[in-house]
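Asker: mmCIF, C-alpha atoms, saved as start-v3.cif, coming up:
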data_structure
loop_
_atom_site.label_atom_id
_atom_site.label_comp_id
_atom_site.auth_asym_id
_atom_site.auth_seq_id
_atom_site.Cartn_x
_atom_site.Cartn_y
_atom_site.Cartn_z
CA MET A 7 0.00 0.00 0.00
CA LEU A 8 1.29 3.43 -0.95
CA ILE A 9 1.55 5.85 1.99
CA PRO A 10 0.52 9.37 0.85
CA PRO A 11 3.15 12.10 1.34
CA PRO A 12 2.54 15.01 3.77
CA LEU A 13 -0.07 17.40 2.41
CA ALA A 14 2.20 20.49 2.44
CA GLU A 15 5.01 18.66 0.65
CA GLU A 16 2.64 17.21 -1.95
CA THR A 17 1.02 20.62 -2.54
CA LYS A 18 4.44 22.09 -3.19
CA ARG A 19 5.31 19.27 -5.59
CA LEU A 20 2.05 19.63 -7.54
CA ASP A 21 2.51 23.40 -7.81
CA ALA A 22 6.00 22.83 -9.19
CA LEU A 23 4.67 20.33 -11.76
CA LYS A 24 1.99 22.76 -12.94
CA SER A 25 4.56 25.53 -13.32
CA TYR A 26 6.12 23.62 -16.24
CA ASP A 27 2.81 23.83 -18.16
CA ILE A 28 3.47 20.37 -19.65
CA LEU A 29 0.51 18.24 -18.56
CA ASP A 30 -1.70 17.28 -21.53
CA SER A 31 0.72 18.91 -23.97
CA LEU A 32 1.27 17.46 -27.45
CA PRO A 33 3.95 14.83 -28.11
CA GLU A 34 7.46 16.18 -28.72
CA SER A 35 10.27 14.40 -30.52
CA ASP A 36 12.88 15.36 -27.92
CA TYR A 37 11.06 13.37 -25.24
CA ASP A 38 10.16 10.50 -27.61
CA ASP A 39 13.83 10.14 -28.57
CA ILE A 40 14.71 9.65 -24.89
CA THR A 41 12.15 6.88 -24.28
CA ASN A 42 13.11 5.17 -27.53
CA LEU A 43 16.79 5.24 -26.49
CA ALA A 44 15.98 4.01 -22.95
CA SER A 45 14.04 1.07 -24.38
CA GLN A 46 16.90 0.11 -26.70
CA ILE A 47 19.62 0.40 -24.02
CA CYS A 48 17.70 -1.58 -21.41
CA GLN A 49 16.15 -4.01 -23.91
CA THR A 50 12.57 -3.51 -22.72
CA PRO A 51 9.44 -3.19 -24.89
CA ILE A 52 8.05 -0.22 -22.96
CA SER A 53 9.63 3.05 -21.84
CA LEU A 54 7.67 5.98 -20.38
CA ILE A 55 8.16 9.55 -19.20
CA SER A 56 5.55 9.62 -16.48
CA LEU A 57 4.41 12.77 -14.63
CA ILE A 58 2.42 12.24 -11.44
CA ASP A 59 -0.60 14.51 -11.05
CA ASP A 60 -2.89 14.51 -8.02
CA LYS A 61 -5.16 11.75 -9.44
CA ARG A 62 -3.31 10.24 -12.39
CA GLN A 63 0.00 9.50 -14.01
CA TRP A 64 0.24 11.13 -17.41
CA PHE A 65 2.78 10.07 -20.02
CA LYS A 66 4.64 12.83 -21.85
CA SER A 67 6.17 10.08 -23.95
CA ASN A 68 4.83 6.49 -24.15
CA HIS A 69 7.11 4.26 -26.20
CA GLY A 70 5.54 0.80 -26.63
CA LEU A 71 2.27 1.71 -24.88
CA ASP A 72 -0.87 3.07 -26.53
CA ILE A 73 -2.49 4.75 -23.51
CA ARG A 74 -1.49 8.27 -22.31
CA GLU A 75 -2.52 8.03 -18.64
CA THR A 76 -3.59 5.69 -15.83
CA PRO A 77 -5.06 6.27 -12.35
CA ARG A 78 -2.44 7.31 -9.81
CA GLU A 79 -3.51 4.59 -7.39
CA PHE A 80 -2.22 1.92 -9.82
CA SER A 81 0.96 3.80 -10.73
CA PHE A 82 4.38 2.23 -10.13
CA CYS A 83 5.91 5.69 -10.68
CA ALA A 84 3.88 7.07 -7.76
CA HIS A 85 5.95 4.72 -5.59
CA ALA A 86 9.18 5.80 -7.31
CA ILE A 87 8.79 9.49 -6.44
CA THR A 88 8.45 8.79 -2.72
CA ASN A 89 12.23 8.42 -2.59
CA PRO A 90 13.57 10.99 -5.10
CA GLN A 91 17.24 10.00 -4.64
CA GLU A 92 16.81 6.30 -5.43
CA THR A 93 15.95 4.29 -8.53
CA LEU A 94 12.94 2.04 -7.89
CA ILE A 95 13.59 -1.45 -9.31
CA VAL A 96 10.94 -4.22 -9.18
CA PRO A 97 12.46 -7.43 -10.65
CA ASP A 98 9.16 -9.38 -10.54
CA SER A 99 6.00 -7.51 -9.52
CA ARG A 100 4.08 -10.81 -9.10
CA GLU A 101 6.22 -11.54 -6.08
CA ASP A 102 6.00 -8.04 -4.62
CA GLU A 103 3.07 -7.55 -2.23
CA ARG A 104 2.85 -3.84 -3.23
CA PHE A 105 2.03 -4.73 -6.84
CA ALA A 106 0.92 -8.38 -7.07
CA GLU A 107 -2.80 -7.48 -7.23
CA ASN A 108 -2.29 -4.33 -9.35
CA PRO A 109 -4.59 -4.44 -12.44
CA LEU A 110 -1.61 -3.25 -14.52
CA VAL A 111 0.13 -6.45 -13.43
CA THR A 112 -2.77 -8.87 -13.66
CA GLY A 113 -4.00 -7.30 -16.91
CA ASP A 114 -2.61 -5.22 -19.77
CA PRO A 115 0.15 -4.27 -20.13
CA HIS A 116 1.19 -7.08 -17.70
CA VAL A 117 3.89 -5.19 -15.86
CA VAL A 118 6.32 -7.75 -14.41
CA PHE A 119 9.66 -5.92 -14.46
CA TYR A 120 9.80 -2.19 -13.63
CA ALA A 121 12.66 0.30 -13.16
CA GLY A 122 11.96 4.00 -12.60
CA VAL A 123 14.37 6.91 -12.11
CA PRO A 124 12.69 9.92 -10.39
CA LEU A 125 12.68 13.19 -12.35
CA VAL A 126 13.91 15.60 -9.67
CA ASP A 127 13.95 19.36 -10.37
CA ALA A 128 16.40 21.96 -9.04
CA ASP A 129 14.35 22.34 -5.84
CA GLY A 130 14.58 18.61 -5.07
CA LEU A 131 10.95 17.92 -5.99
CA ALA A 132 10.15 14.66 -7.84
CA LEU A 133 7.80 15.47 -10.73
CA GLY A 134 7.56 11.92 -12.07
CA SER A 135 9.95 9.32 -13.45
CA LEU A 136 11.62 7.91 -16.53
CA CYS A 137 10.69 4.22 -16.39
CA ILE A 138 11.14 1.01 -18.39
CA ILE A 139 8.73 -1.96 -18.30
CA ASP A 140 8.86 -5.60 -19.37
CA ASP A 141 6.32 -8.42 -19.19
CA LYS A 142 8.90 -10.84 -17.83
CA PRO A 143 11.39 -10.78 -14.95
CA LYS A 144 14.59 -8.90 -15.66
CA GLN A 145 17.82 -7.54 -14.16
CA LEU A 146 19.70 -4.43 -15.34
CA SER A 147 23.45 -4.18 -15.62
CA GLN A 148 25.31 -1.36 -13.90
CA ALA A 149 25.97 0.27 -17.27
CA GLN A 150 22.24 0.17 -18.13
CA LEU A 151 21.36 1.76 -14.78
CA VAL A 152 23.89 4.57 -15.33
CA ALA A 153 22.53 5.19 -18.83
CA LEU A 154 18.94 5.27 -17.54
CA ARG A 155 19.84 7.84 -14.89
CA THR A 156 21.69 9.94 -17.48
CA LEU A 157 18.62 9.93 -19.72
CA ALA A 158 16.47 10.95 -16.72
CA ASN A 159 18.78 13.95 -16.21
CA HIS A 160 18.22 14.91 -19.84
CA VAL A 161 14.45 14.83 -19.25
CA VAL A 162 14.86 17.18 -16.28
CA THR A 163 17.00 19.50 -18.46
CA LEU A 164 14.29 19.56 -21.14
CA LEU A 165 11.68 20.41 -18.50
CA ALA A 166 13.83 23.24 -17.12
CA LEU A 167 14.39 24.56 -20.64
CA ARG A 168 10.65 24.47 -21.29
CA LYS A 169 10.03 26.47 -18.11
CA SER A 170 12.73 28.99 -19.02
CA ASN A 171 11.26 29.43 -22.49
CA LYS A 172 7.84 30.02 -20.99
CA ALA A 173 9.26 32.68 -18.66
CA LEU A 174 11.12 34.23 -21.59
CA ARG A 175 7.93 34.44 -23.66
CA GLN A 176 6.13 36.07 -20.74
CA SER A 177 9.01 38.54 -20.32
CA GLU A 178 8.98 39.33 -24.02
CA GLN A 179 5.27 40.05 -23.83
CA ARG A 180 5.79 42.31 -20.83
CA TYR A 181 8.56 44.11 -22.67
CA ARG A 182 6.35 44.54 -25.72
CA ASN A 183 3.62 45.98 -23.54
CA LEU A 184 6.11 48.23 -21.82
CA ALA A 185 7.57 49.34 -25.16
CA ALA A 186 4.11 50.22 -26.42
CA GLU A 187 3.43 52.20 -23.25
CA LEU A 188 6.75 54.00 -23.51
CA GLU A 189 6.11 54.80 -27.13
CA GLN A 190 2.82 56.41 -26.18
CA GLN A 191 4.55 58.40 -23.44
CA ILE A 192 7.28 59.50 -25.81
CA GLN A 193 4.76 60.58 -28.37
CA ALA A 194 2.77 62.44 -25.74
CA ARG A 195 5.87 64.28 -24.52
CA THR A 196 7.36 65.14 -27.91
CA GLU A 197 5.63 68.50 -28.10
CA ALA A 198 6.58 69.31 -24.50
CA LEU A 199 10.20 68.40 -25.24
CA THR A 200 10.21 70.63 -28.30
CA VAL A 201 9.19 73.56 -26.13
CA ALA A 202 11.67 72.53 -23.44
CA ASN A 203 14.48 72.30 -26.02
CA ALA A 204 13.80 75.84 -27.12
CA GLU A 205 13.93 76.99 -23.50
CA LEU A 206 17.07 74.90 -22.93
CA GLY A 207 18.73 76.56 -25.90
CA GLU A 208 18.07 79.95 -24.36
CA ALA A 209 19.38 78.71 -21.00
CA ASN A 210 22.54 77.38 -22.67
CA GLU A 211 23.13 80.75 -24.28
CA LEU A 212 22.74 82.40 -20.88
CA LEU A 213 25.14 79.88 -19.36
CA ILE A 214 27.70 80.50 -22.10
CA ARG A 215 27.46 84.23 -21.52
CA ALA A 216 27.78 83.70 -17.77
CA ASN A 217 30.90 81.57 -18.26
CA ASP A 218 32.35 84.21 -20.58
CA ASN A 219 31.66 86.85 -17.96
CA LEU A 220 33.32 84.67 -15.33
CA GLN A 221 36.42 84.27 -17.48
CA LYS A 222 36.49 88.02 -18.08
CA PHE A 223 36.17 88.60 -14.35
CA ALA A 224 39.07 86.23 -13.73
CA SER A 225 41.15 88.17 -16.22
CA VAL A 226 40.20 91.49 -14.64
CA ALA A 227 40.78 90.17 -11.14
CA SER A 228 44.16 88.74 -12.03
CA HIS A 229 45.43 91.95 -13.66
CA ASP A 230 43.25 95.00 -13.20
CA LEU A 231 42.62 94.39 -9.49
CA GLN A 232 46.08 93.15 -8.62
CA GLU A 233 47.86 95.96 -10.45
CA PRO A 234 46.50 98.81 -8.27
CA LEU A 235 47.29 96.75 -5.16
CA ARG A 236 50.85 96.22 -6.31
CA LYS A 237 51.20 99.99 -6.83
CA ILE A 238 49.77 100.69 -3.37
CA GLN A 239 52.23 98.24 -1.83
CA SER A 240 55.11 99.61 -3.90
CA PHE A 241 54.38 103.23 -2.99
CA GLY A 242 53.89 102.20 0.62
CA ASN A 243 57.30 100.56 0.64
CA ILE A 244 58.82 103.77 -0.76
CA LEU A 245 57.12 105.85 1.90
CA GLN A 246 58.32 103.50 4.64
CA SER A 247 61.91 103.40 3.41
CA GLN A 248 62.40 107.07 2.36
CA TYR A 249 59.93 109.15 4.34
CA ALA A 250 59.45 107.21 7.57
CA ASP A 251 60.91 109.99 9.75
CA GLN A 252 58.66 112.64 8.22
CA LEU A 253 55.49 110.59 8.66
CA GLY A 254 55.59 110.52 12.43
CA GLU A 255 52.44 108.88 13.76
CA GLY A 256 51.34 108.39 10.16
CA ARG A 257 53.64 105.40 9.98
CA THR A 258 51.07 103.39 11.96
CA TYR A 259 48.39 104.10 9.36
CA LEU A 260 50.83 103.29 6.57
CA GLU A 261 51.64 99.93 8.10
CA ARG A 262 47.94 99.16 8.49
CA MET A 263 47.40 100.16 4.84
CA GLN A 264 50.20 97.81 3.75
CA LEU A 265 48.75 94.95 5.76
CA ALA A 266 45.28 95.57 4.32
CA ALA A 267 46.68 95.64 0.78
CA GLY A 268 48.53 92.37 1.42
CA ARG A 269 45.38 90.73 2.72
CA MET A 270 43.43 91.99 -0.28
CA SER A 271 46.04 90.62 -2.67
CA ALA A 272 45.97 87.22 -0.95
CA LEU A 273 42.18 87.22 -0.99
CA ILE A 274 42.09 87.85 -4.73
CA ARG A 275 44.64 85.11 -5.38
CA ASP A 276 42.65 82.61 -3.30
CA LEU A 277 39.38 83.60 -4.98
CA LEU A 278 40.98 83.05 -8.36
CA SER A 279 42.27 79.67 -7.28
CA TYR A 280 38.80 78.73 -6.06
CA SER A 281 37.02 79.89 -9.23
CA ARG A 282 39.52 78.16 -11.53
CA ILE A 283 39.00 74.71 -10.00
CA ALA A 284 36.78 73.29 -12.72
CA ALA A 285 35.67 69.73 -13.38
CA LEU A 286 38.40 67.24 -14.30
CA HIS A 287 37.28 66.58 -17.90
CA ASP A 288 40.18 65.01 -19.81
CA ASN A 289 42.94 65.94 -17.34
CA ARG A 290 42.62 62.73 -15.34
CA HIS A 291 45.53 60.33 -15.05
CA MET A 292 47.01 58.10 -12.37
CA VAL A 293 48.61 60.34 -9.77
CA SER A 294 50.98 59.20 -7.02
CA LEU A 295 49.85 60.91 -3.82
CA SER A 296 53.23 60.09 -2.30
CA VAL A 297 54.91 62.21 -4.99
CA VAL A 298 52.31 64.98 -4.60
CA VAL A 299 52.79 65.21 -0.83
CA GLN A 300 56.58 65.10 -1.05
CA THR A 301 56.49 67.95 -3.60
CA VAL A 302 54.31 69.99 -1.23
CA ILE A 303 56.68 69.31 1.68
CA THR A 304 59.58 70.54 -0.47
CA ASP A 305 57.67 73.74 -1.23
CA LEU A 306 57.00 74.23 2.49
CA GLU A 307 60.56 73.52 3.65
CA LEU A 308 61.11 77.09 4.90
CA VAL A 309 57.89 77.16 6.95
CA ILE A 310 58.62 73.69 8.32
CA ALA A 311 62.09 74.82 9.37
CA GLU A 312 60.75 78.01 10.98
CA THR A 313 58.20 76.14 13.05
CA GLY A 314 60.50 73.20 13.83
CA ALA A 315 57.72 70.90 12.71
CA VAL A 316 58.14 67.16 12.12
CA VAL A 317 56.21 65.82 9.13
CA ARG A 318 55.77 62.05 8.86
CA VAL A 319 54.32 60.56 5.67
CA GLU A 320 53.29 56.93 5.31
CA SER A 321 52.97 55.11 1.98
CA LEU A 322 50.13 56.71 0.00
CA PRO A 323 48.12 55.25 -2.91
CA ASP A 324 47.88 56.21 -6.56
CA VAL A 325 44.54 57.76 -7.56
CA LEU A 326 42.87 58.82 -10.78
CA GLY A 327 42.76 62.59 -10.91
CA ASP A 328 44.41 65.92 -11.67
CA SER A 329 47.89 66.30 -10.17
CA ILE A 330 47.65 70.12 -10.02
CA GLN A 331 44.37 70.11 -8.11
CA LEU A 332 45.57 67.36 -5.77
CA GLY A 333 48.69 69.45 -5.16
CA GLN A 334 46.46 72.39 -4.15
CA LEU A 335 44.54 70.08 -1.83
CA PHE A 336 47.56 68.88 0.15
CA GLN A 337 49.27 72.28 -0.04
CA ASN A 338 46.32 73.80 1.78
CA LEU A 339 45.94 70.94 4.28
CA LEU A 340 49.62 70.90 5.26
CA SER A 341 49.86 74.71 5.33
CA ASN A 342 46.79 74.76 7.55
CA ALA A 343 48.34 72.20 9.90
CA LEU A 344 51.59 74.17 10.10
CA LYS A 345 49.81 77.47 10.67
CA PHE A 346 47.70 76.24 13.57
CA SER A 347 50.63 74.41 15.17
CA ARG A 348 52.71 77.56 15.70
CA GLN A 349 53.15 77.95 19.41
CA ASP A 350 54.06 81.62 19.27
CA ARG A 351 50.81 82.47 17.44
CA SER A 352 48.38 80.82 19.84
CA LYS A 353 47.18 81.57 23.31
CA GLN A 354 46.40 77.92 23.85
CA ALA A 355 48.91 75.41 25.17
CA VAL A 356 50.32 73.26 22.38
CA PRO A 357 53.21 70.78 22.33
CA ALA A 358 56.67 72.25 21.85
CA VAL A 359 57.30 70.27 18.65
CA PRO A 360 54.60 70.55 16.00
CA LEU A 361 53.91 67.08 14.57
CA ILE A 362 52.05 66.41 11.32
CA GLN A 363 51.26 62.87 10.12
CA VAL A 364 49.91 61.83 6.73
CA SER A 365 48.54 58.28 6.60
CA SER A 366 46.32 56.16 4.40
CA GLN A 367 43.96 53.19 4.58
CA THR A 368 41.40 51.47 2.34
CA LEU A 369 37.71 51.26 3.31
CA LEU A 370 34.73 49.43 1.86
CA ALA A 371 31.87 51.72 0.86
CA ARG A 372 29.68 50.24 3.60
CA ASP A 373 32.28 51.15 6.22
CA LEU A 374 32.31 54.89 5.42
CA PRO A 375 31.26 57.11 8.36
CA SER A 376 27.58 58.07 8.23
CA GLY A 377 28.34 61.72 7.60
CA VAL A 378 30.59 61.04 4.59
CA LYS A 379 28.75 61.35 1.26
CA PRO A 380 31.19 61.00 -1.68
CA SER A 381 30.14 62.62 -4.96
CA PHE A 382 30.96 59.38 -6.82
CA SER A 383 29.90 55.85 -5.84
CA ALA A 384 32.61 53.21 -5.67
CA PRO A 385 32.97 49.81 -3.94
CA THR A 386 36.07 50.96 -2.02
CA TYR A 387 37.65 54.25 -1.01
CA TYR A 388 41.06 55.51 0.07
CA ARG A 389 41.05 57.47 3.31
CA ILE A 390 44.00 59.86 3.61
CA ASP A 391 44.35 61.47 7.05
CA VAL A 392 46.33 64.67 7.69
CA THR A 393 46.72 64.84 11.48
CA ASP A 394 48.37 67.57 13.55
CA ASN A 395 48.88 68.22 17.26
CA GLY A 396 48.02 71.89 17.06
CA ILE A 397 45.45 74.06 18.77
CA GLY A 398 42.44 72.22 17.32
CA PHE A 399 38.89 73.55 17.31
CA ASP A 400 35.42 72.76 18.64
CA GLN A 401 33.83 69.90 16.67
CA LYS A 402 30.60 71.86 16.27
CA TYR A 403 32.41 74.02 13.71
CA ALA A 404 33.56 70.99 11.63
CA ASN A 405 31.21 71.70 8.71
CA ARG A 406 31.46 75.46 8.85
CA ILE A 407 35.21 75.55 8.20
CA PHE A 408 34.76 74.31 4.60
CA GLU A 409 32.58 77.29 3.65
CA VAL A 410 34.08 80.20 1.73
CA PHE A 411 35.27 83.10 3.97
CA GLN A 412 34.57 81.13 7.15
CA ARG A 413 37.21 81.65 9.86
CA LEU A 414 37.36 80.40 13.45
CA HIS A 415 40.06 82.84 14.51
CA SER A 416 40.62 86.55 14.09
CA LYS A 417 43.06 87.90 11.49
CA SER A 418 45.29 89.17 14.28
CA GLU A 419 45.73 85.63 15.58
CA PHE A 420 46.18 83.73 12.31
CA ALA A 421 46.57 85.10 8.80
CA GLY A 422 44.41 83.78 5.96
CA THR A 423 41.46 84.47 3.74
CA GLY A 424 39.10 81.68 4.82
CA ILE A 425 39.15 80.14 1.33
CA GLY A 426 41.83 77.43 1.64
CA LEU A 427 39.59 74.71 3.09
CA ALA A 428 36.79 75.62 0.64
CA ILE A 429 39.30 74.92 -2.13
CA CYS A 430 40.08 71.58 -0.50
CA GLU A 431 36.43 70.57 -0.48
CA LYS A 432 35.97 71.60 -4.11
CA VAL A 433 39.01 69.59 -5.23
CA VAL A 434 37.87 66.50 -3.32
CA THR A 435 34.34 66.80 -4.77
CA ASN A 436 35.79 67.08 -8.29
CA HIS A 437 37.59 63.79 -7.64
CA GLY A 438 34.40 62.02 -6.58
CA GLY A 439 35.21 62.01 -2.89
CA ALA A 440 34.44 63.75 0.38
CA ILE A 441 36.33 65.48 3.19
CA MET A 442 35.62 65.80 6.89
CA ALA A 443 37.41 67.14 9.94
CA THR A 444 37.56 65.93 13.54
CA SER A 445 39.10 67.88 16.40
CA ARG A 446 39.02 69.04 20.00
CA PRO A 447 40.37 72.30 21.36
CA GLY A 448 44.02 71.90 22.32
CA LYS A 449 44.11 68.31 21.01
CA GLY A 450 44.98 68.86 17.38
CA ALA A 451 42.88 68.12 14.30
CA THR A 452 42.53 65.42 11.66
CA PHE A 453 41.37 66.16 8.11
CA SER A 454 40.19 62.95 6.41
CA VAL A 455 40.05 62.87 2.62
CA TYR A 456 37.99 60.05 1.04
CA LEU A 457 38.79 59.33 -2.62
CA PRO A 458 37.24 56.53 -4.74
CA ASN A 459 39.50 53.55 -5.42
#
If you convert what's in this file into structure tokens, what do you get?
Answerer:
Amino acid sequence: MLIPPPLAEETKRLDALKSYDILDSLPESDYDDITNLASQICQTPISLISLIDDKRQWFKSNHGLDIRETPREFSFCAHAITNPQETLIVPDSREDERFAENPLVTGDPHVVFYAGVPLVDADGLALGSLCIIDDKPKQLSQAQLVALRTLANHVVTLLALRKSNKALRQSEQRYRNLAAELEQQIQARTEALTVANAELGEANELLIRANDNLQKFASVASHDLQEPLRKIQSFGNILQSQYADQLGEGRTYLERMQLAAGRMSALIRDLLSYSRIAALHDNRHMVSLSVVVQTVITDLELVIAETGAVVRVESLPDVLGDSIQLGQLFQNLLSNALKFSRQDRSKQAVPAVPLIQVSSQTLLARDLPSGVKPSFSAPTYYRIDVTDNGIGFDQKYANRIFEVFQRLHSKSEFAGTGIGLAICEKVVTNHGGAIMATSRPGKGATFSVYLPN
């Protein structure tokens, strides 16, 4: 007697069988070739591809048998699928109490010998079996058993291919429907786009004019604004060197004028640097950050010597970018670290020896700090830290310091225009990265640059 499988398991198996959309389908030569070959290899008159439905076994291919289905209760294959990993072999059904009284044994087609290999899909569900039948007792050789199992695997492959083709046809239909819908949307928006294109053309002309005006401003700022300042400074130097005694108390005002002119000149230079940092375009190439930082350190040798600072640089990576812009980035970061490490310029207690460290590490995108939002998505990022032991600042100002003209200290304490760190942020953004600062008053600061790997 056949013990029925658990209801949930059987429901799952039946759903899987129906998903192949094969029950009651027309004969196909691919399946008939397999049963014909199985019959020849095993030397049996009957070979079947049997699929077990809830109430019947239905034959996708029925070599040597005229009927296409039988009741499930009389099915040998219904026994075969109860153990999907084993081949069911019945040498003589007349001596097997499970089948001796089976009408398929006592009557046509007089099943005496039976061997069935379960057809198991990718989810481990037995859909049916590839079986061979004879009307006399029989034994299969090992080679015949291996061949029968191989043919059963081919049946499973054909079923999987049929299911894939069905899914592909459904996808194609969805795509056709989607294409038709998109075509309607495109047609509906054509007139709107025509109007928008006209407006965009006008906007492009305005943008071109604005860019031209910006370039003209840069030219004016670099020459017409700097030239009067140079004259003011030159004349001021003459007054200080040749007429200092005659000026009396006026020397104080002259010195203040010279300082103001110097600050104005520096401000214009920094503004020009900021405005000229454009997108990378075709200037990108592999840049050694180690070489960039060493070049910056060479340029800052005099300041480093004056402050007595120690600069330690670890091995740094190569990145894709613009060497000039990256030079500006580290020039500003190291200059900033040196400036705010000068003991004689600060009222706060700082270590006697200014120490600046430049280090690097690689991070996965998922490990980036929550506040870091690079302008370009990448699976991994380089983090380059510039750390000093200077006066530091309150962490609440960490975002403010990257804004143009933002300063945390008065001009009398530390010189500068408040543009250097804004330039840093713009360069990092151009390179697809992000920059952040962490610090505490009197405990130094760390500027972390994140660049896509």
Asker: Give as a VMD selection string the residues that the PyMOL selection byres ((chain A and resi 119) around 12) matches when applied to the coordinates above.
Answerer: chain A and resid 48 to 53 82 94 to 102 105 to 106 110 to 111 115 to 118 120 to 122 137 to 146
Asker: Could you write out that same residue set with C-alpha atoms as a PDB file, keeping the file's coordinate frame?
Answerer:
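File produced: out.pdb:
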ATOM      1  CA  CYS A  48      17.700  -1.580 -21.410  1.00  0.00           C
ATOM      2  CA  GLN A  49      16.150  -4.010 -23.910  1.00  0.00           C
ATOM      3  CA  THR A  50      12.570  -3.510 -22.720  1.00  0.00           C
ATOM      4  CA  PRO A  51       9.440  -3.190 -24.890  1.00  0.00           C
ATOM      5  CA  ILE A  52       8.050  -0.220 -22.960  1.00  0.00           C
ATOM      6  CA  SER A  53       9.630   3.050 -21.840  1.00  0.00           C
ATOM      7  CA  PHE A  82       4.380   2.230 -10.130  1.00  0.00           C
ATOM      8  CA  LEU A  94      12.940   2.040  -7.890  1.00  0.00           C
ATOM      9  CA  ILE A  95      13.590  -1.450  -9.310  1.00  0.00           C
ATOM     10  CA  VAL A  96      10.940  -4.220  -9.180  1.00  0.00           C
ATOM     11  CA  PRO A  97      12.460  -7.430 -10.650  1.00  0.00           C
ATOM     12  CA  ASP A  98       9.160  -9.380 -10.540  1.00  0.00           C
ATOM     13  CA  SER A  99       6.000  -7.510  -9.520  1.00  0.00           C
ATOM     14  CA  ARG A 100       4.080 -10.810  -9.100  1.00  0.00           C
ATOM     15  CA  GLU A 101       6.220 -11.540  -6.080  1.00  0.00           C
ATOM     16  CA  ASP A 102       6.000  -8.040  -4.620  1.00  0.00           C
ATOM     17  CA  PHE A 105       2.030  -4.730  -6.840  1.00  0.00           C
ATOM     18  CA  ALA A 106       0.920  -8.380  -7.070  1.00  0.00           C
ATOM     19  CA  LEU A 110      -1.610  -3.250 -14.520  1.00  0.00           C
ATOM     20  CA  VAL A 111       0.130  -6.450 -13.430  1.00  0.00           C
ATOM     21  CA  PRO A 115       0.150  -4.270 -20.130  1.00  0.00           C
ATOM     22  CA  HIS A 116       1.190  -7.080 -17.700  1.00  0.00           C
ATOM     23  CA  VAL A 117       3.890  -5.190 -15.860  1.00  0.00           C
ATOM     24  CA  VAL A 118       6.320  -7.750 -14.410  1.00  0.00           C
ATOM     25  CA  TYR A 120       9.800  -2.190 -13.630  1.00  0.00           C
ATOM     26  CA  ALA A 121      12.660   0.300 -13.160  1.00  0.00           C
ATOM     27  CA  GLY A 122      11.960   4.000 -12.600  1.00  0.00           C
ATOM     28  CA  CYS A 137      10.690   4.220 -16.390  1.00  0.00           C
ATOM     29  CA  ILE A 138      11.140   1.010 -18.390  1.00  0.00           C
ATOM     30  CA  ILE A 139       8.730  -1.960 -18.300  1.00  0.00           C
ATOM     31  CA  ASP A 140       8.860  -5.600 -19.370  1.00  0.00           C
ATOM     32  CA  ASP A 141       6.320  -8.420 -19.190  1.00  0.00           C
ATOM     33  CA  LYS A 142       8.900 -10.840 -17.830  1.00  0.00           C
ATOM     34  CA  PRO A 143      11.390 -10.780 -14.950  1.00  0.00           C
ATOM     35  CA  LYS A 144      14.590  -8.900 -15.660  1.00  0.00           C
ATOM     36  CA  GLN A 145      17.820  -7.540 -14.160  1.00  0.00           C
ATOM     37  CA  LEU A 146      19.700  -4.430 -15.340  1.00  0.00           C
TER      38      LEU A 146
END
Asker: I'd like to know which of A:Pro385, A:Gly134, A:Val162, A:Ile47 is closest to Ala149 (chain A), using only C-alpha atoms.
Answerer: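 Using only C-alpha atoms, the shortest distance to Ala149 (chain A) belongs to A:Ile47.
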Asker: Would you compute the distance between CA of Lys169 (chain A) and CA of Lys24 (chain A)? Give it in Å to one decimal.
Answerer: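 Those two atoms sit 10.3 Å apart.
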Asker: Applied to this file, what does the PyMOL selection byres ((chain A and resi 364) around 9) return in terms of residues, put as an NGL selection string?
Answerer: :A and (299 or 317-322 or 362-363 or 365-366 or 390-393)
Asker: So how far away is CA of Leu344 (chain A) from CA of Ile310 (chain A), in Å?
Answerer: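 Interatomic distance, CA of Ile310 (chain A) to CA of Leu344 (chain A): 7.3 Å.
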Asker: Would you please work out which residue, of A:Ile441, A:Leu253, A:Ile330, A:Ala343, is nearest to Pro375 (chain A) when using only C-alpha atoms?
Answerer: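 Selected residue with least distance to Pro375 (chain A): A:Ile441.
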Asker: Looking at only C-alpha atoms, which of A:Asn68, A:Asn405, A:Gln91, A:Gln176 is the one that sits closest to Arg155 (chain A)?
Answerer: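 That would be A:Gln91, the residue with the smallest distance to Arg155 (chain A).
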Asker: Within 12 Å of region 11-13 of chain A, counting all atoms listed in the file, which residues show up once you throw out same-chain ones fewer than 2 positions away? Write them as a list in words, please.
Answerer: Leu8, Ile9, Glu15, Glu16, Thr17, Lys18, Arg19, Leu20, Asp60, Ala84, His85, Ile87, Thr88, Asn89 and Ala132 of chain A
Asker: To box region 436-451 of chain A, take all atoms listed in the file, fit an axis-aligned box, add 8 Å on each side, and give centre and edge lengths in Å to one decimal, as AutoDock Vina command-line options.
Answerer:
--center_x 39.7 --center_y 67.2 --center_z 7.0 --size_x 26.6 --size_y 26.3 --size_z 46.6
Asker: Could you check how far CA of Pro380 (chain A) sits from CA of Asn436 (chain A), in Å to one decimal?
Answerer: 10.1 Å
Asker: May I ask which of the residues A:Leu167, A:Leu457, A:Ile425, A:Met292 is the closest one to Leu374 (chain A), counting only C-alpha atoms?
Answerer: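 Once distances to Leu374 (chain A) are computed over only C-alpha atoms, the minimum belongs to A:Leu457.
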Asker: Using all atoms listed in the file for the distances, tell me which of A:His160, A:Lys379, A:Arg104, A:Arg262 is nearest to Val126 (chain A).
Answerer: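 Using all atoms listed in the file, the shortest distance to Val126 (chain A) belongs to A:His160.
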